[in-house]
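Notes for the one structure printed next.
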Amino acid sequence: MKKLFYISLIALLCNSFFSCKKDQIITNSNARLSFSQDSILFDTVFTKIGSTTKLFRVHNRNNGKVNISSIRLARGSASYYRLNVDGVPGKSFSNIEIAAGDSMYIFVEVTIDPTNQSNPFIYRDSILFDLNGNEQHFDLVAFGQNAYYHMPNQKIIFSNSSALEYSLDTNIVGPASVTWKNDKPHLIYGYLVVDSLHHLTIPPNTKIYVHNSGGIWVYRYGSISIGVGGTSTTPVTFQGDRLEQEYQDVPGQWDRIWINEGSTQNQISYTVIKNGYIGVHAGYAVFDGLSTGNSGLSIPKGLNINHTIIQNCSYAGILGHYYNITGGDNVVVNCGQHILEFDYGGSYSFFQCTFANYWNQTNNSQASNARTTPSFYFNNYYNGNQLNSFDSLYFGNCIMDGTLAEEFQFDTIAGTIAGTEHLKFDYCALKTGSLPQNTFPTNNCLISQNMSFAGPSTYNFKLNSNSAANGQGNFSTNGNYATDINGSSFANPNNPNMGAYGP
């Protein structure tokens, strides 16, 4: 009987000991909270001022009680979000205890005025938890304006463990045609993918904002039409989604419009593309066979670009990888490395365009803001193997200018444009100081003369009255472009100005 008494007493003391231990507040700096999810997305799109509420759980999985010294919103009292912790509403809380193995609910409410165009498209905040000298955060994301939101719901994992998040233009399997509405802005988060055999039409006067590193990807055998049928007063616009004044002129805020092979039905017209990494990238991808070094690629697929402005891209304005790109009346200006980069050969023809590089931004990949790369770079090889010659490299009535003494580089096998029968610069203004005429055939061109633009640093590339390019074009080489980028007629149709601007 005594033995049983002592066993019971020991059991009672042990239970009391461990119970007391669980009731003790842990002060160890290694203690952590865990959450039922890593963030909350308020994906309700209001048409007027409205509120919505969501909740999550905070778990204490430690072996003792914890005291959370502070729970607060990072934006403080100005935040659109409000919290309810253990039944108490507010935006900051102190000394909240959670027993070992227990949890608590936090309710989060947000009120948004979607008609306020000063709101960001994505309104972010964080709940900050201070525990034993360490800070953990829980992210809150809400849609801040009434818009069409294209949010990623799929992911590609690459061999290096990096990922590309994307959404599809439509869930239809097989051939499909999708036309966006333009009554509200569109926000692209991640990549918007136009799938194989799909055609996406973006009508004139559509405003498109792209979140960091996102873009449009027209996958092989898909196609896209942007701004077709528009005018200079109803352009489609692409830019980053940061609306603050200090982001109005920051390059590299989003990635690119990327068009793969497989279609000749791609068109961009009356569009403004700004502040990306690359404006338009059209061509074969390396994973589609270019790495093999074979030269027998199929006929390059097509893209037509007209009446379009591309500016302030941190890498390049137009990047072509063995593609057929034609167009006219375009302004491609002020990019961090190249205005035009055409790799692996292909076919390219441009008329009545202004290509000029007066880049004056700080490039994060360079020690300073000084650009050292030529604005116009052309090659015909990959990994040391020639793929194809340039079937055509033709420029008529174009200005190709920049701040370097030599703005052209033909980086081709054996240093020549082997097999190119249609390389020609007709009635163009060219910034070059060293390229020989046998690889740089010109006809009635101006070489390194003063273009005298109205305001290159502010993207105003109209010609001043003393510009050498005034009236130096030729009607027979302007590709039948009767009006300039602003829709105005050229003063002298027989001898229009070089470039995209009339008088």
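Here's how to read the names in the structure tokens: chain A, B, ... by the order shown, residue numbers from 1 in each chain, ligand numbers from 1 in the order shown.
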Leaving out region 486-492 of chain A and any residue of its chain fewer than 4 positions from it, which residues lie within 6 Å of it when counting only C-alpha atoms, given as a PyMOL selection string? chain A and resi 232+496+502
Suppose we keep all heavy atoms; can you now write the selection as a PDB file, in the first residue's frame?
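Result written to out-v2.pdb:
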ATOM      1  N   SER A 232      -3.215  57.521 -82.856  1.00  0.00           N
ATOM      2  CA  SER A 232      -2.210  58.066 -81.949  1.00  0.00           C
ATOM      3  C   SER A 232      -2.830  58.612 -80.659  1.00  0.00           C
ATOM      4  O   SER A 232      -2.137  58.804 -79.660  1.00  0.00           O
ATOM      5  CB  SER A 232      -1.428  59.183 -82.646  1.00  0.00           C
ATOM      6  OG  SER A 232      -2.294  60.221 -83.068  1.00  0.00           O
ATOM      7  N   PRO A 496      10.178  63.425 -97.365  1.00  0.00           N
ATOM      8  CA  PRO A 496       9.791  63.568 -95.964  1.00  0.00           C
ATOM      9  C   PRO A 496      11.020  63.631 -95.062  1.00  0.00           C
ATOM     10  O   PRO A 496      12.150  63.320 -95.489  1.00  0.00           O
ATOM     11  CB  PRO A 496       9.000  62.287 -95.703  1.00  0.00           C
ATOM     12  CG  PRO A 496       9.571  61.293 -96.670  1.00  0.00           C
ATOM     13  CD  PRO A 496       9.912  62.073 -97.899  1.00  0.00           C
ATOM     14  N   GLY A 502       7.159  64.162 -88.436  1.00  0.00           N
ATOM     15  CA  GLY A 502       7.078  65.180 -89.470  1.00  0.00           C
ATOM     16  C   GLY A 502       7.402  66.529 -88.878  1.00  0.00           C
ATOM     17  O   GLY A 502       8.032  66.636 -87.832  1.00  0.00           O
TER      18      GLY A 502
END
May I have the residues within 12 Å of Ala356 (chain A) as number ranges by chain, using only C-alpha atoms and disregarding those fewer than 5 positions away in the same chain? A: 309-312, 316-317, 330-340, 374-376, 398-404, 407-408, 429-431, 451-453, 455-457, 459-462, 499-500
Those same residues - C-alpha atoms - I'd like them written as an mmCIF file, in the first residue's frame.
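Ended up saving to selection_24.cif:
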data_model
loop_
_atom_site.group_PDB
_atom_site.id
_atom_site.type_symbol
_atom_site.label_atom_id
_atom_site.label_comp_id
_atom_site.auth_asym_id
_atom_site.auth_seq_id
_atom_site.Cartn_x
_atom_site.Cartn_y
_atom_site.Cartn_z
ATOM 1 C CA ILE A 309 6.809 53.949 -79.019
ATOM 2 C CA ILE A 310 9.236 51.848 -76.959
ATOM 3 C CA GLN A 311 11.316 53.732 -74.401
ATOM 4 C CA ASN A 312 13.422 53.492 -71.258
ATOM 5 C CA ALA A 316 16.834 46.474 -75.173
ATOM 6 C CA GLY A 317 13.967 48.015 -77.128
ATOM 7 C CA ASN A 330 8.097 53.622 -84.744
ATOM 8 C CA VAL A 331 10.088 55.431 -82.048
ATOM 9 C CA VAL A 332 12.464 53.189 -80.073
ATOM 10 C CA VAL A 333 14.653 55.256 -77.769
ATOM 11 C CA ASN A 334 16.796 55.459 -74.632
ATOM 12 C CA CYS A 335 17.571 51.864 -73.640
ATOM 13 C CA GLY A 336 20.279 50.617 -71.279
ATOM 14 C CA GLN A 337 22.231 48.528 -73.799
ATOM 15 C CA HIS A 338 20.682 48.123 -77.256
ATOM 16 C CA ILE A 339 17.909 49.801 -79.201
ATOM 17 C CA LEU A 340 17.827 46.893 -81.661
ATOM 18 C CA PRO A 374 26.352 49.817 -79.357
ATOM 19 C CA SER A 375 22.711 50.655 -79.922
ATOM 20 C CA PHE A 376 22.450 48.407 -82.994
ATOM 21 C CA CYS A 398 15.250 55.810 -90.621
ATOM 22 C CA ILE A 399 17.267 57.699 -88.030
ATOM 23 C CA MET A 400 19.721 55.419 -86.187
ATOM 24 C CA ASP A 401 21.486 57.652 -83.706
ATOM 25 C CA GLY A 402 23.053 57.667 -80.258
ATOM 26 C CA THR A 403 25.655 59.194 -77.994
ATOM 27 C CA LEU A 404 28.563 56.863 -78.899
ATOM 28 C CA GLU A 407 26.630 52.783 -82.604
ATOM 29 C CA PHE A 408 26.774 49.696 -84.872
ATOM 30 C CA ALA A 429 20.885 58.992 -90.756
ATOM 31 C CA LEU A 430 23.505 56.698 -89.215
ATOM 32 C CA LYS A 431 25.804 57.166 -86.233
ATOM 33 C CA MET A 451 20.073 65.160 -85.524
ATOM 34 C CA SER A 452 19.185 68.034 -83.163
ATOM 35 C CA PHE A 453 16.293 66.413 -81.302
ATOM 36 C CA GLY A 455 14.528 66.901 -75.908
ATOM 37 C CA PRO A 456 16.151 63.436 -75.885
ATOM 38 C CA SER A 457 16.395 63.203 -72.085
ATOM 39 C CA TYR A 459 11.822 61.333 -74.769
ATOM 40 C CA ASN A 460 10.982 64.172 -77.160
ATOM 41 C CA PHE A 461 12.566 63.101 -80.435
ATOM 42 C CA LYS A 462 10.897 65.597 -82.742
ATOM 43 C CA GLY A 499 12.565 59.254 -88.824
ATOM 44 C CA ALA A 500 9.072 58.994 -87.363
#
For Asp426 (chain A), list every protein, DNA or RNA residue within 8 Å, evaluated using only C-alpha atoms, and leave out those in the same chain fewer than 4 positions away; present the list as a short mmCIF file (atom, residue, chain, number, x, y, z; two decimals) with N, CA, C and O atoms, in the first residue's frame.
data_model
loop_
_atom_site.label_atom_id
_atom_site.label_comp_id
_atom_site.auth_asym_id
_atom_site.auth_seq_id
_atom_site.Cartn_x
_atom_site.Cartn_y
_atom_site.Cartn_z
N TYR A 394 17.05 45.63 -93.76
CA TYR A 394 16.80 46.80 -94.58
C TYR A 394 16.20 47.91 -93.71
O TYR A 394 15.28 47.70 -92.92
N PHE A 395 16.72 49.14 -93.90
CA PHE A 395 16.20 50.31 -93.21
C PHE A 395 16.01 51.43 -94.24
O PHE A 395 16.95 51.76 -94.97
N GLY A 396 14.80 51.97 -94.31
CA GLY A 396 14.51 53.06 -95.23
C GLY A 396 13.99 54.29 -94.50
O GLY A 396 13.08 54.17 -93.66
N ASN A 397 14.57 55.45 -94.76
CA ASN A 397 14.15 56.72 -94.15
C ASN A 397 14.20 56.67 -92.62
O ASN A 397 13.38 57.29 -91.95
N THR A 442 25.23 51.65 -98.10
CA THR A 442 24.33 52.77 -97.86
C THR A 442 23.97 53.45 -99.18
O THR A 442 24.70 53.38 -100.16
N ASN A 443 22.82 54.11 -99.15
CA ASN A 443 22.38 54.87 -100.31
C ASN A 443 21.80 56.19 -99.82
O ASN A 443 20.79 56.20 -99.12
N ASN A 444 22.48 57.30 -100.18
CA ASN A 444 22.03 58.64 -99.79
C ASN A 444 21.80 58.76 -98.28
O ASN A 444 20.75 59.24 -97.82
N CYS A 445 22.78 58.31 -97.51
CA CYS A 445 22.68 58.34 -96.06
C CYS A 445 23.50 59.50 -95.48
O CYS A 445 24.49 59.95 -96.07
N THR A 477 11.28 55.17 -100.54
CA THR A 477 11.86 54.25 -99.54
C THR A 477 11.20 54.38 -98.17
O THR A 477 11.76 53.94 -97.17
#
Check region 340-499 of chain A with DSSP on the backbone and list each residue it calls strand (DSSP E), as a ChimeraX atom specification. /A:340-343,346-351,354-357,376-379,381-382,385-386,390-396,399-402,408-411,423-426,429-430,442-443,446-447,453-455,460-463
What's the 10 Å shell around region 272-275 of chain A, counting only C-alpha atoms, without same-chain residues fewer than 2 positions away, as a VMD selection string? chain A and resid 207 to 208 227 232 235 to 240 247 to 257 268 to 270 277 to 280 307 to 314 317 331 to 333 335
Using DSSP assignments from the backbone, pull out every residue in region 302-490 of chain A that falls under helix (DSSP H, G or I) and give it to me as a PyMOL selection string. chain A and resi 413-415+456-458+475-477
Figure out the distance between CA of Gly144 (chain A) and CA of Lys48 (chain A), please, to one decimal in Å.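 CA of Lys48 (chain A) sits 11.3 Å away from CA of Gly144 (chain A).
With only C-alpha atoms as the atoms that count, the minimum distance from Asn495 (chain A) to the choices A:Thr412, A:Gln352, A:Ser225, A:Thr372 is reached by A:Gln352.
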Figure out the distance between CA of Ile68 (chain A) and CA of Ile96 (chain A), please, to one decimal in Å.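 Here the two named atoms are 5.0 Å from each other.
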Between CA of Ser77 (chain A) and CA of Ile98 (chain A) - distance in Å to one decimal: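 It comes out at 25.0 Å.
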Measuring between only C-alpha atoms, which one of A:Pro185, A:Gly346, A:Pro89, A:Gly479 shows the shortest distance to Phe121 (chain A)?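 Of A:Pro185, A:Gly346, A:Pro89, A:Gly479, the one nearest Phe121 (chain A), counting only C-alpha atoms, is A:Pro185.
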Give me the residues within 7 Å of Val193 (chain A) as a PyMOL selection string, counting only C-alpha atoms and dropping any in the same chain fewer than 2 places off. chain A and resi 166-169+191+195+216-219
Please produce a file of those selected residues containing all heavy atoms, as a short mmCIF file (atom, residue, chain, number, x, y, z; two decimals), in the first residue's frame.
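Listing of selection10.cif after writing:
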data_model
loop_
_atom_site.label_atom_id
_atom_site.label_comp_id
_atom_site.auth_asym_id
_atom_site.auth_seq_id
_atom_site.Cartn_x
_atom_site.Cartn_y
_atom_site.Cartn_z
N TYR A 166 2.61 31.91 -63.72
CA TYR A 166 1.85 32.44 -64.85
C TYR A 166 0.37 32.11 -64.72
O TYR A 166 -0.05 31.25 -63.95
CB TYR A 166 2.40 31.89 -66.17
CG TYR A 166 2.14 30.40 -66.40
CD1 TYR A 166 1.04 29.98 -67.14
CD2 TYR A 166 2.99 29.43 -65.88
CE1 TYR A 166 0.80 28.64 -67.37
CE2 TYR A 166 2.77 28.09 -66.09
CZ TYR A 166 1.66 27.69 -66.84
OH TYR A 166 1.42 26.36 -67.04
N SER A 167 -0.41 32.85 -65.50
CA SER A 167 -1.82 32.54 -65.71
C SER A 167 -2.05 32.43 -67.20
O SER A 167 -1.26 32.94 -68.00
CB SER A 167 -2.70 33.65 -65.11
OG SER A 167 -2.39 34.91 -65.71
N LEU A 168 -3.11 31.76 -67.60
CA LEU A 168 -3.43 31.57 -69.01
C LEU A 168 -4.45 32.61 -69.47
O LEU A 168 -5.27 33.09 -68.69
CB LEU A 168 -3.99 30.17 -69.25
CG LEU A 168 -3.00 29.01 -69.09
CD1 LEU A 168 -3.74 27.68 -69.18
CD2 LEU A 168 -1.92 29.08 -70.16
N ASP A 169 -4.38 32.93 -70.76
CA ASP A 169 -5.34 33.88 -71.33
C ASP A 169 -6.76 33.34 -71.25
O ASP A 169 -7.72 34.09 -71.13
CB ASP A 169 -4.97 34.21 -72.78
CG ASP A 169 -4.95 32.97 -73.67
OD1 ASP A 169 -4.48 31.91 -73.23
OD2 ASP A 169 -5.39 33.07 -74.84
N TYR A 191 3.43 36.11 -65.29
CA TYR A 191 3.30 36.14 -66.75
C TYR A 191 1.88 35.79 -67.17
O TYR A 191 1.27 34.88 -66.61
CB TYR A 191 4.27 35.16 -67.40
CG TYR A 191 5.51 35.82 -67.93
CD1 TYR A 191 6.65 35.98 -67.15
CD2 TYR A 191 5.54 36.32 -69.22
CE1 TYR A 191 7.77 36.59 -67.63
CE2 TYR A 191 6.66 36.94 -69.73
CZ TYR A 191 7.77 37.08 -68.93
OH TYR A 191 8.89 37.71 -69.42
N ASP A 195 -1.64 30.82 -74.91
CA ASP A 195 -1.27 29.42 -75.13
C ASP A 195 -1.25 29.07 -76.62
O ASP A 195 -1.71 29.84 -77.47
CB ASP A 195 -2.24 28.51 -74.38
CG ASP A 195 -1.58 27.20 -73.96
OD1 ASP A 195 -0.44 26.94 -74.37
OD2 ASP A 195 -2.22 26.44 -73.22
N ILE A 216 3.93 39.53 -70.80
CA ILE A 216 3.07 38.71 -71.66
C ILE A 216 3.97 37.75 -72.42
O ILE A 216 4.98 38.15 -73.01
CB ILE A 216 2.24 39.57 -72.63
CG1 ILE A 216 1.12 40.28 -71.86
CG2 ILE A 216 1.65 38.73 -73.74
CD1 ILE A 216 0.18 41.08 -72.74
N TRP A 217 3.60 36.49 -72.42
CA TRP A 217 4.35 35.46 -73.13
C TRP A 217 3.42 34.79 -74.13
O TRP A 217 2.49 34.10 -73.76
CB TRP A 217 4.90 34.43 -72.13
CG TRP A 217 5.71 33.32 -72.73
CD1 TRP A 217 6.15 33.21 -74.02
CD2 TRP A 217 6.18 32.16 -72.05
NE1 TRP A 217 6.88 32.06 -74.18
CE2 TRP A 217 6.91 31.39 -72.99
CE3 TRP A 217 6.07 31.70 -70.74
CZ2 TRP A 217 7.51 30.17 -72.66
CZ3 TRP A 217 6.67 30.49 -70.41
CH2 TRP A 217 7.38 29.74 -71.35
N VAL A 218 3.67 35.03 -75.42
CA VAL A 218 2.90 34.38 -76.48
C VAL A 218 3.64 33.08 -76.80
O VAL A 218 4.68 33.09 -77.48
CB VAL A 218 2.77 35.28 -77.72
CG1 VAL A 218 1.92 34.60 -78.77
CG2 VAL A 218 2.17 36.63 -77.33
N TYR A 219 3.10 31.99 -76.31
CA TYR A 219 3.78 30.70 -76.45
C TYR A 219 3.72 30.23 -77.91
O TYR A 219 2.91 30.73 -78.71
CB TYR A 219 3.12 29.69 -75.52
CG TYR A 219 3.89 28.40 -75.37
CD1 TYR A 219 5.23 28.42 -74.97
CD2 TYR A 219 3.30 27.17 -75.61
CE1 TYR A 219 5.95 27.25 -74.82
CE2 TYR A 219 4.00 25.99 -75.46
CZ TYR A 219 5.33 26.03 -75.08
OH TYR A 219 6.03 24.86 -74.95
#
